[in-house]
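*Asks:* The structure's right below; bear with me while I get my questions together.
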Amino acid sequence: MRFDENRELDIIFLGRITIDFNPAYSDTVKEAFMPLKNVHYFEKFVGGSPANTCVGVTKHGLKAGFIGKVSDDQFGDFVIDYFQEAGIDVSQISRCAGGEKLGLTFTEMLSPQESSILMYRNSAADLKLSVEDIKEDYVKRAKSLLISGTALAESPSREAALKAVLLAKKTKTNLIFDIDYRNYNWKNDDEISIYYSMVAKEADIIMGSREEFDLAEKLINPGMTDLESAAYWHAHNAKIVLIKHGMEGSTAYTKDGERFSIKPFPVTARKGFGGGDGYSAGFLYGIYQGWDIMDCLEFGSAEASMMVRSNNCSDDLPNEQQVKEFIEEEKARYGEMIARA
């Protein structure tokens with residue numbers, strides 16, 4: 001990957017911002033693992049995969065901006081204040097004018113292995129992003145633009161995301177596609193495949209689970225193996241295709257035909273989600289530092305493990321030193337090659 005060092009922003013994110021309500025787990029209140037209906041106390045956090053990853057890369061020292069919509073209320077205030085305090089450029093985050101609200105996510109934690117999400121997304125603010133909100137001058141201020149696949153689920157956000165893709169290509173801005181599938185708001189699998197494949201064909205980096213790649217490829221060639229998927233997207237624009245298999249690990253396929261695999265670092269989990277956001281933040285940070293791909297994967301995998309043991313997906317995102325200390329501790333305990341596949 002090559003980056004235009006004359007551009008002031010390292011990466012711009014486009015997509016979903018939500019509010020997470022997680023069962024409280026602090027020094028004063030600790031809700032045990034239990035059904036959501038029995039939880040009395042919650043903690044409030046900024047959420048949404050692109051928002052979390054944006055916070056994550058900022059904690060590593062990258063300069064980030066965000067293109068998105070928030071509600072015109074105190075939850076919108078909360079998001080903008082939080083981003084500003086983190087050092088994220090919020091000049092392209094605008095308020096909804098039609099009463100739309102930020103999505104609310106309530107998390108259920110039944111055990112370290114079992115968790116789920118209850119999502120409220122009627123008239124979701126993030127899906128009201130429109131083509132008028134996408135500015136060429138802003139896109140070309142960044143070295144890279146990351147599109148979250150959830151932004152493609154519904155109009156007018158869908159068209160806004162596609163405009164941003166076109167502007168990224170026009171301005172020679174690197175394009176990163178985080179497939180980020182969530183079943184809400186999509187109408188059918190054909191629709192998913194159409195819009196995912198449109199963006200994936202233009203992307204320099206594509207990141208997603210095997211299931212997410214299957215959705216993108218449904219109308220192209222269903223049932224492809226990881227190697228076949230990587231070859232297909234490399235034949236378009238992709239330089240790196242990163243395919244995740246959950247607890248089985250993940251593999252990055254580079255355009256020169258190489259492949260690099262990593263396994264998760266072992267931890268006792270608090271929840272089964274949020275790891276992907278930490279993974280993306282850590283992996284992308286390594287790419288920006290020019291590290292070898294295996295070091296990028298190791299850093300991302302470590303950050304993912306740190307986040308699944310955390311009670312939230314944003315506040316506890318670590319800085320570079322914390323990730324490096326975690327890796328050292330894990331290797332001292334389990335062996336130098338613990339995460340190397």
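Numbering starts fresh at 1 for the residues of each chain in the structure tokens, the chains themselves are lettered A, B, ... in the order given, and ligands are numbered from 1 as they appear.
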So which bits of region 5-221 of chain A end up alpha helix (DSSP H) when you DSSP the backbone, as a VMD selection string?

*Replies:* chain A and resid 49 to 59 74 to 86 136 to 139 157 to 170 189 to 200 210 to 217

*Asks:* Which residues, written as number ranges by chain, have at least one atom at most 10 Å from Asp256 (chain A), with only C-alpha atoms counted and residues fewer than 4 positions away on the same chain left out?

*Replies:* A: 234, 239-240

*Asks:* Restricting it to all heavy atoms, dump the selection as an mmCIF file, in the first residue's frame.

*Replies:*
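Full text of again.cif as output:
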```
data_model
loop_
_atom_site.group_PDB
_atom_site.id
_atom_site.type_symbol
_atom_site.label_atom_id
_atom_site.label_comp_id
_atom_site.auth_asym_id
_atom_site.auth_seq_id
_atom_site.Cartn_x
_atom_site.Cartn_y
_atom_site.Cartn_z
ATOM 1 N N HIS A 234 -8.497 -9.919 -6.393
ATOM 2 C CA HIS A 234 -7.196 -9.421 -6.840
ATOM 3 C C HIS A 234 -7.214 -9.098 -8.327
ATOM 4 O O HIS A 234 -6.508 -8.185 -8.793
ATOM 5 C CB HIS A 234 -6.096 -10.456 -6.565
ATOM 6 C CG HIS A 234 -5.705 -10.561 -5.127
ATOM 7 N ND1 HIS A 234 -5.255 -11.728 -4.551
ATOM 8 C CD2 HIS A 234 -5.702 -9.638 -4.130
ATOM 9 C CE1 HIS A 234 -4.984 -11.520 -3.276
ATOM 10 N NE2 HIS A 234 -5.242 -10.259 -2.989
ATOM 11 N N LYS A 239 -5.500 -5.190 -3.346
ATOM 12 C CA LYS A 239 -4.112 -5.508 -3.032
ATOM 13 C C LYS A 239 -4.049 -6.491 -1.862
ATOM 14 O O LYS A 239 -3.156 -7.323 -1.791
ATOM 15 C CB LYS A 239 -3.340 -4.236 -2.701
ATOM 16 C CG LYS A 239 -3.262 -3.233 -3.861
ATOM 17 C CD LYS A 239 -2.520 -1.980 -3.449
ATOM 18 C CE LYS A 239 -2.414 -0.994 -4.617
ATOM 19 N NZ LYS A 239 -3.743 -0.456 -5.008
ATOM 20 N N ILE A 240 -4.993 -6.346 -0.928
ATOM 21 C CA ILE A 240 -5.071 -7.239 0.232
ATOM 22 C C ILE A 240 -6.516 -7.697 0.387
ATOM 23 O O ILE A 240 -7.437 -6.876 0.404
ATOM 24 C CB ILE A 240 -4.610 -6.545 1.523
ATOM 25 C CG1 ILE A 240 -3.168 -6.060 1.395
ATOM 26 C CG2 ILE A 240 -4.753 -7.484 2.720
ATOM 27 C CD1 ILE A 240 -2.716 -5.181 2.560
#
```

*Asks:* If you take only C-alpha atoms and a cut-off of 12 Å, which residues of region 10-87 of chain A touch region 170-175 of chain A, and what are their nearest atom pairs and distances in Å to one decimal, in chain and number order, as CSV?

*Replies:*
```
residue,atom,partner,partner_atom,distance
A:Asp10,CA,A:Asn174,CA,10.2
A:Ile11,CA,A:Asn174,CA,9.0
A:Ile12,CA,A:Leu175,CA,9.8
A:Phe13,CA,A:Leu175,CA,10.3
A:Leu14,CA,A:Leu175,CA,11.2
```

*Asks:* Keeping only N, CA and C atoms, write the selected residues to a file as an mmCIF file, in the first residue's frame.

*Replies:*
```
data_model
loop_
_atom_site.group_PDB
_atom_site.id
_atom_site.type_symbol
_atom_site.label_atom_id
_atom_site.label_comp_id
_atom_site.auth_asym_id
_atom_site.auth_seq_id
_atom_site.Cartn_x
_atom_site.Cartn_y
_atom_site.Cartn_z
ATOM 1 N N ASP A 10 -5.198 10.626 7.712
ATOM 2 C CA ASP A 10 -4.769 9.280 7.343
ATOM 3 C C ASP A 10 -5.934 8.470 6.776
ATOM 4 N N ILE A 11 -7.086 8.580 7.406
ATOM 5 C CA ILE A 11 -8.206 7.747 6.984
ATOM 6 C C ILE A 11 -9.532 8.407 7.349
ATOM 7 N N ILE A 12 -10.476 8.351 6.426
ATOM 8 C CA ILE A 12 -11.842 8.820 6.647
ATOM 9 C C ILE A 12 -12.754 7.604 6.670
ATOM 10 N N PHE A 13 -13.653 7.564 7.616
ATOM 11 C CA PHE A 13 -14.626 6.479 7.733
ATOM 12 C C PHE A 13 -15.999 6.971 7.298
ATOM 13 N N LEU A 14 -16.751 6.119 6.635
ATOM 14 C CA LEU A 14 -18.117 6.439 6.239
ATOM 15 C C LEU A 14 -19.019 5.295 6.675
#
```

*Asks:* Given only C-alpha atoms, how would the per-residue table for region 153-203 of chain A near region 209-224 of chain A read, listing every residue at most 10 Å away with its closest atom pair and distance in Å to one decimal, sorted by chain and number, as CSV?

*Replies:*
```
residue,atom,partner,partner_atom,distance
A:Asp178,CA,A:Glu212,CA,9.7
A:Ile179,CA,A:Glu212,CA,6.5
A:Asp180,CA,A:Glu212,CA,7.6
A:Tyr181,CA,A:Glu212,CA,6.3
A:Arg182,CA,A:Glu212,CA,9.6
A:Asp189,CA,A:Leu215,CA,6.8
A:Asp190,CA,A:Leu219,CA,6.9
A:Glu191,CA,A:Ala216,CA,9.5
A:Ile192,CA,A:Leu215,CA,6.6
A:Ser193,CA,A:Ala216,CA,4.3
A:Ile194,CA,A:Ala216,CA,7.3
A:Tyr195,CA,A:Ala216,CA,7.9
A:Tyr196,CA,A:Ala216,CA,5.2
A:Ser197,CA,A:Ala216,CA,5.3
A:Met198,CA,A:Ala216,CA,9.0
A:Val199,CA,A:Ala216,CA,9.6
A:Ala200,CA,A:Ala216,CA,8.1
```

*Asks:* With N, CA and C atoms retained, could you export that selection as a PDB file, in the first residue's frame?

*Replies:*
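For reference, out34.pdb as written:
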```pdb
ATOM      1  N   ASP A 178     -14.814  -2.514   4.426  1.00  0.00           N
ATOM      2  CA  ASP A 178     -15.119  -3.409   5.541  1.00  0.00           C
ATOM      3  C   ASP A 178     -16.552  -3.890   5.306  1.00  0.00           C
ATOM      4  N   ILE A 179     -16.718  -5.146   4.925  1.00  0.00           N
ATOM      5  CA  ILE A 179     -18.038  -5.632   4.499  1.00  0.00           C
ATOM      6  C   ILE A 179     -19.082  -5.419   5.589  1.00  0.00           C
ATOM      7  N   ASP A 180     -18.746  -5.678   6.849  1.00  0.00           N
ATOM      8  CA  ASP A 180     -19.572  -5.257   7.995  1.00  0.00           C
ATOM      9  C   ASP A 180     -21.051  -5.596   7.800  1.00  0.00           C
ATOM     10  N   TYR A 181     -21.350  -6.857   7.529  1.00  0.00           N
ATOM     11  CA  TYR A 181     -22.756  -7.255   7.318  1.00  0.00           C
ATOM     12  C   TYR A 181     -23.535  -7.262   8.626  1.00  0.00           C
ATOM     13  N   ARG A 182     -24.678  -6.611   8.596  1.00  0.00           N
ATOM     14  CA  ARG A 182     -25.698  -6.714   9.639  1.00  0.00           C
ATOM     15  C   ARG A 182     -27.022  -6.949   8.927  1.00  0.00           C
ATOM     16  N   ASP A 189     -30.946 -11.221  -0.282  1.00  0.00           N
ATOM     17  CA  ASP A 189     -29.538 -11.522  -0.523  1.00  0.00           C
ATOM     18  C   ASP A 189     -29.045 -10.996  -1.869  1.00  0.00           C
ATOM     19  N   ASP A 190     -29.913 -10.968  -2.877  1.00  0.00           N
ATOM     20  CA  ASP A 190     -29.487 -10.449  -4.177  1.00  0.00           C
ATOM     21  C   ASP A 190     -29.083  -8.986  -4.061  1.00  0.00           C
ATOM     22  N   GLU A 191     -29.860  -8.214  -3.314  1.00  0.00           N
ATOM     23  CA  GLU A 191     -29.557  -6.805  -3.104  1.00  0.00           C
ATOM     24  C   GLU A 191     -28.194  -6.650  -2.419  1.00  0.00           C
ATOM     25  N   ILE A 192     -27.933  -7.502  -1.437  1.00  0.00           N
ATOM     26  CA  ILE A 192     -26.654  -7.456  -0.731  1.00  0.00           C
ATOM     27  C   ILE A 192     -25.506  -7.710  -1.698  1.00  0.00           C
ATOM     28  N   SER A 193     -25.628  -8.757  -2.496  1.00  0.00           N
ATOM     29  CA  SER A 193     -24.559  -9.119  -3.434  1.00  0.00           C
ATOM     30  C   SER A 193     -24.300  -8.016  -4.455  1.00  0.00           C
ATOM     31  N   ILE A 194     -25.354  -7.402  -4.943  1.00  0.00           N
ATOM     32  CA  ILE A 194     -25.210  -6.338  -5.950  1.00  0.00           C
ATOM     33  C   ILE A 194     -24.344  -5.203  -5.424  1.00  0.00           C
ATOM     34  N   TYR A 195     -24.689  -4.693  -4.244  1.00  0.00           N
ATOM     35  CA  TYR A 195     -24.009  -3.497  -3.753  1.00  0.00           C
ATOM     36  C   TYR A 195     -22.673  -3.807  -3.106  1.00  0.00           C
ATOM     37  N   TYR A 196     -22.569  -4.942  -2.434  1.00  0.00           N
ATOM     38  CA  TYR A 196     -21.263  -5.319  -1.898  1.00  0.00           C
ATOM     39  C   TYR A 196     -20.247  -5.497  -3.019  1.00  0.00           C
ATOM     40  N   SER A 197     -20.637  -6.205  -4.087  1.00  0.00           N
ATOM     41  CA  SER A 197     -19.685  -6.478  -5.164  1.00  0.00           C
ATOM     42  C   SER A 197     -19.293  -5.202  -5.898  1.00  0.00           C
ATOM     43  N   MET A 198     -20.219  -4.234  -5.990  1.00  0.00           N
ATOM     44  CA  MET A 198     -19.889  -2.972  -6.647  1.00  0.00           C
ATOM     45  C   MET A 198     -18.745  -2.259  -5.939  1.00  0.00           C
ATOM     46  N   VAL A 199     -18.795  -2.238  -4.613  1.00  0.00           N
ATOM     47  CA  VAL A 199     -17.744  -1.565  -3.849  1.00  0.00           C
ATOM     48  C   VAL A 199     -16.479  -2.416  -3.795  1.00  0.00           C
ATOM     49  N   ALA A 200     -16.637  -3.725  -3.598  1.00  0.00           N
ATOM     50  CA  ALA A 200     -15.481  -4.610  -3.488  1.00  0.00           C
ATOM     51  C   ALA A 200     -14.612  -4.564  -4.743  1.00  0.00           C
TER      52      ALA A 200
END
```

*Asks:* Do you know which residues are at most 6 Å from Gly56 (chain A) counting only C-alpha atoms, after dropping those on the same chain fewer than 3 positions away, and could you put them as a PDB file with N, CA, C and O atoms, in the first residue's frame?

*Replies:*
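Result file is out-v7.pdb:
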```pdb
ATOM      1  N   THR A  53     -13.920   1.484  14.982  1.00  0.00           N
ATOM      2  CA  THR A  53     -12.624   1.367  14.315  1.00  0.00           C
ATOM      3  C   THR A  53     -11.973   2.730  14.166  1.00  0.00           C
ATOM      4  O   THR A  53     -10.745   2.875  14.297  1.00  0.00           O
ATOM      5  N   LYS A  59      -6.637   6.176  18.544  1.00  0.00           N
ATOM      6  CA  LYS A  59      -5.873   5.867  19.759  1.00  0.00           C
ATOM      7  C   LYS A  59      -4.469   5.395  19.427  1.00  0.00           C
ATOM      8  O   LYS A  59      -3.566   5.479  20.264  1.00  0.00           O
ATOM      9  N   ALA A 281      -8.864  -1.989  13.482  1.00  0.00           N
ATOM     10  CA  ALA A 281      -8.057  -0.844  13.911  1.00  0.00           C
ATOM     11  C   ALA A 281      -6.583  -1.222  14.000  1.00  0.00           C
ATOM     12  O   ALA A 281      -5.702  -0.491  13.527  1.00  0.00           O
ATOM     13  N   LEU A 317     -10.813   0.543  23.763  1.00  0.00           N
ATOM     14  CA  LEU A 317      -9.864   0.308  22.681  1.00  0.00           C
ATOM     15  C   LEU A 317      -8.478   0.757  23.132  1.00  0.00           C
ATOM     16  O   LEU A 317      -8.322   1.864  23.665  1.00  0.00           O
TER      17      LEU A 317
END
```

*Asks:* Per DSSP on the backbone, what are the strand (DSSP E) residues of region 66-190 of chain A, as an MDAnalysis selection string?

*Replies:* chainID A and resid 66:70 89:95 103:111 114:120 142:148 174:178

*Asks:* Find, counting only C-alpha atoms, the residue in A:Arg121, A:Lys163, A:Lys44, A:Lys135 that gets nearest to Ile147 (chain A).

*Replies:*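 Smallest separation from Ile147 (chain A) among the options: A:Lys163.
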
*Asks:* Neighbours of Arg309 (chain A) within 10 Å (only C-alpha atoms; same-chain residues fewer than 6 positions away dropped), as a list in words?

*Replies:*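 The residues satisfying every condition are Pro112, Val267, Thr268, Ala269, Arg270, Lys271, Gly272, Phe273, Gly274, Gly275 and Asp316 of chain A.
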
*Asks:* Which residues come within 8 Å of Gly278 (chain A), counting only C-alpha atoms, excluding same-chain residues fewer than 5 positions away, as a list of chain:residue names?

*Replies:*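 Listed by chain and then number, they are A:Asn52, A:Thr53, A:Gly56, A:Gly300, A:Glu303, A:Ala304, A:Met306, A:Met307, A:Cys313, A:Leu317.
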
*Asks:* Using only C-alpha atoms, which of the listed residues (A:Asn311, A:Ala332, A:Ile327, A:Ile287) sits closest to Lys30 (chain A)?

*Replies:*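 Closest candidate: A:Asn311.
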
*Asks:* In Å, how far is it from CA of Asn237 (chain A) to CA of Ile205 (chain A)?

*Replies:*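 CA of Ile205 (chain A) lies 8.5 Å from CA of Asn237 (chain A).
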
*Asks:* Report as a list in words all protein, DNA and RNA residues lying within 8 Å of Gly286 (chain A), evaluated on only C-alpha atoms, omitting residues in the same chain fewer than 6 positions from it.

*Replies:*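 Once the adjacent positions are removed, what remains is Ile293, Asp295, Cys296 and Phe299 of chain A.
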
*Asks:* Would you put the residues from that selection into a file with N, CA, C and O atoms, as a PDB file, in the first residue's frame?

*Replies:*
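For reference, part24.pdb as written:
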```pdb
ATOM      1  N   ILE A 293       3.112  -8.029   6.765  1.00  0.00           N
ATOM      2  CA  ILE A 293       1.711  -8.421   6.915  1.00  0.00           C
ATOM      3  C   ILE A 293       1.495  -9.266   8.174  1.00  0.00           C
ATOM      4  O   ILE A 293       0.502  -9.085   8.893  1.00  0.00           O
ATOM      5  N   ASP A 295       3.016  -9.126  11.005  1.00  0.00           N
ATOM      6  CA  ASP A 295       2.997  -8.253  12.175  1.00  0.00           C
ATOM      7  C   ASP A 295       1.690  -7.468  12.254  1.00  0.00           C
ATOM      8  O   ASP A 295       1.160  -7.233  13.348  1.00  0.00           O
ATOM      9  N   CYS A 296       1.159  -7.066  11.101  1.00  0.00           N
ATOM     10  CA  CYS A 296      -0.145  -6.383  11.071  1.00  0.00           C
ATOM     11  C   CYS A 296      -1.239  -7.308  11.583  1.00  0.00           C
ATOM     12  O   CYS A 296      -2.104  -6.907  12.373  1.00  0.00           O
ATOM     13  N   PHE A 299      -0.899  -7.896  15.410  1.00  0.00           N
ATOM     14  CA  PHE A 299      -1.339  -6.722  16.159  1.00  0.00           C
ATOM     15  C   PHE A 299      -2.866  -6.645  16.154  1.00  0.00           C
ATOM     16  O   PHE A 299      -3.494  -6.389  17.188  1.00  0.00           O
TER      17      PHE A 299
END
```

*Asks:* If I take CA of Ala24 (chain A) and CA of Cys54 (chain A), how far is one from the other in Å, to one decimal?

*Replies:*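 Rounded to one decimal, the two atoms are 23.8 Å apart.
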
*Asks:* Taking 4 positions as the minimum chain separation for residues in the same chain, which residues sit within 9 Å of Pro264 (chain A) when counting only C-alpha atoms? Answer as a ChimeraX atom specification.

*Replies:* /A:246-250,298,301-302,304-305,338-340

*Asks:* Could you write those residues out with N, CA and C atoms, as a PDB file, in the first residue's frame?

*Replies:*
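Result written to again00.pdb:
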```
ATOM      1  N   GLY A 246     -13.519 -16.400  12.422  1.00  0.00           N
ATOM      2  CA  GLY A 246     -13.832 -16.413  13.845  1.00  0.00           C
ATOM      3  C   GLY A 246     -12.716 -17.017  14.678  1.00  0.00           C
ATOM      4  N   MET A 247     -13.061 -17.959  15.540  1.00  0.00           N
ATOM      5  CA  MET A 247     -12.095 -18.570  16.446  1.00  0.00           C
ATOM      6  C   MET A 247     -11.071 -19.426  15.713  1.00  0.00           C
ATOM      7  N   GLU A 248     -11.322 -19.750  14.443  1.00  0.00           N
ATOM      8  CA  GLU A 248     -10.356 -20.526  13.662  1.00  0.00           C
ATOM      9  C   GLU A 248      -9.223 -19.644  13.133  1.00  0.00           C
ATOM     10  N   GLY A 249      -9.398 -18.335  13.232  1.00  0.00           N
ATOM     11  CA  GLY A 249      -8.350 -17.431  12.788  1.00  0.00           C
ATOM     12  C   GLY A 249      -8.699 -16.717  11.500  1.00  0.00           C
ATOM     13  N   SER A 250      -7.722 -16.096  10.888  1.00  0.00           N
ATOM     14  CA  SER A 250      -7.952 -15.308   9.681  1.00  0.00           C
ATOM     15  C   SER A 250      -6.710 -15.362   8.802  1.00  0.00           C
ATOM     16  N   GLU A 298      -0.876  -9.972  13.533  1.00  0.00           N
ATOM     17  CA  GLU A 298      -0.678 -10.257  14.950  1.00  0.00           C
ATOM     18  C   GLU A 298      -1.192  -9.108  15.817  1.00  0.00           C
ATOM     19  N   SER A 301      -5.021  -9.170  15.651  1.00  0.00           N
ATOM     20  CA  SER A 301      -5.565 -10.288  16.406  1.00  0.00           C
ATOM     21  C   SER A 301      -5.473 -10.048  17.906  1.00  0.00           C
ATOM     22  N   ALA A 302      -4.364  -9.465  18.333  1.00  0.00           N
ATOM     23  CA  ALA A 302      -4.201  -9.146  19.756  1.00  0.00           C
ATOM     24  C   ALA A 302      -5.242  -8.132  20.200  1.00  0.00           C
ATOM     25  N   ALA A 304      -8.119  -7.574  18.887  1.00  0.00           N
ATOM     26  CA  ALA A 304      -9.425  -8.230  18.884  1.00  0.00           C
ATOM     27  C   ALA A 304      -9.646  -9.001  20.181  1.00  0.00           C
ATOM     28  N   SER A 305      -8.640  -9.741  20.613  1.00  0.00           N
ATOM     29  CA  SER A 305      -8.770 -10.507  21.851  1.00  0.00           C
ATOM     30  C   SER A 305      -8.932  -9.590  23.058  1.00  0.00           C
ATOM     31  N   ILE A 338       2.144 -18.544  19.694  1.00  0.00           N
ATOM     32  CA  ILE A 338       0.783 -18.828  20.103  1.00  0.00           C
ATOM     33  C   ILE A 338      -0.269 -18.419  19.079  1.00  0.00           C
ATOM     34  N   ALA A 339      -0.079 -17.300  18.399  1.00  0.00           N
ATOM     35  CA  ALA A 339      -1.097 -16.839  17.447  1.00  0.00           C
ATOM     36  C   ALA A 339      -0.699 -17.086  15.993  1.00  0.00           C
ATOM     37  N   ARG A 340       0.483 -17.587  15.760  1.00  0.00           N
ATOM     38  CA  ARG A 340       0.936 -17.814  14.391  1.00  0.00           C
ATOM     39  C   ARG A 340       0.372 -19.130  13.875  1.00  0.00           C
TER      40      ARG A 340
END
```

*Asks:* Measuring atom to atom with only C-alpha atoms, identify which of A:Leu118, A:Ala153, A:Gln113, A:Met34 is nearest to Asp20 (chain A).

*Replies:*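 Result for the nearest residue to Asp20 (chain A): A:Leu118.
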
*Asks:* Taking only C-alpha atoms into account, name the residue in A:Glu328, A:Tyr279, A:Asn319, A:Ser310 that is nearest to Thr58 (chain A).

*Replies:*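 For Thr58 (chain A), the nearest of the given residues is A:Asn319.
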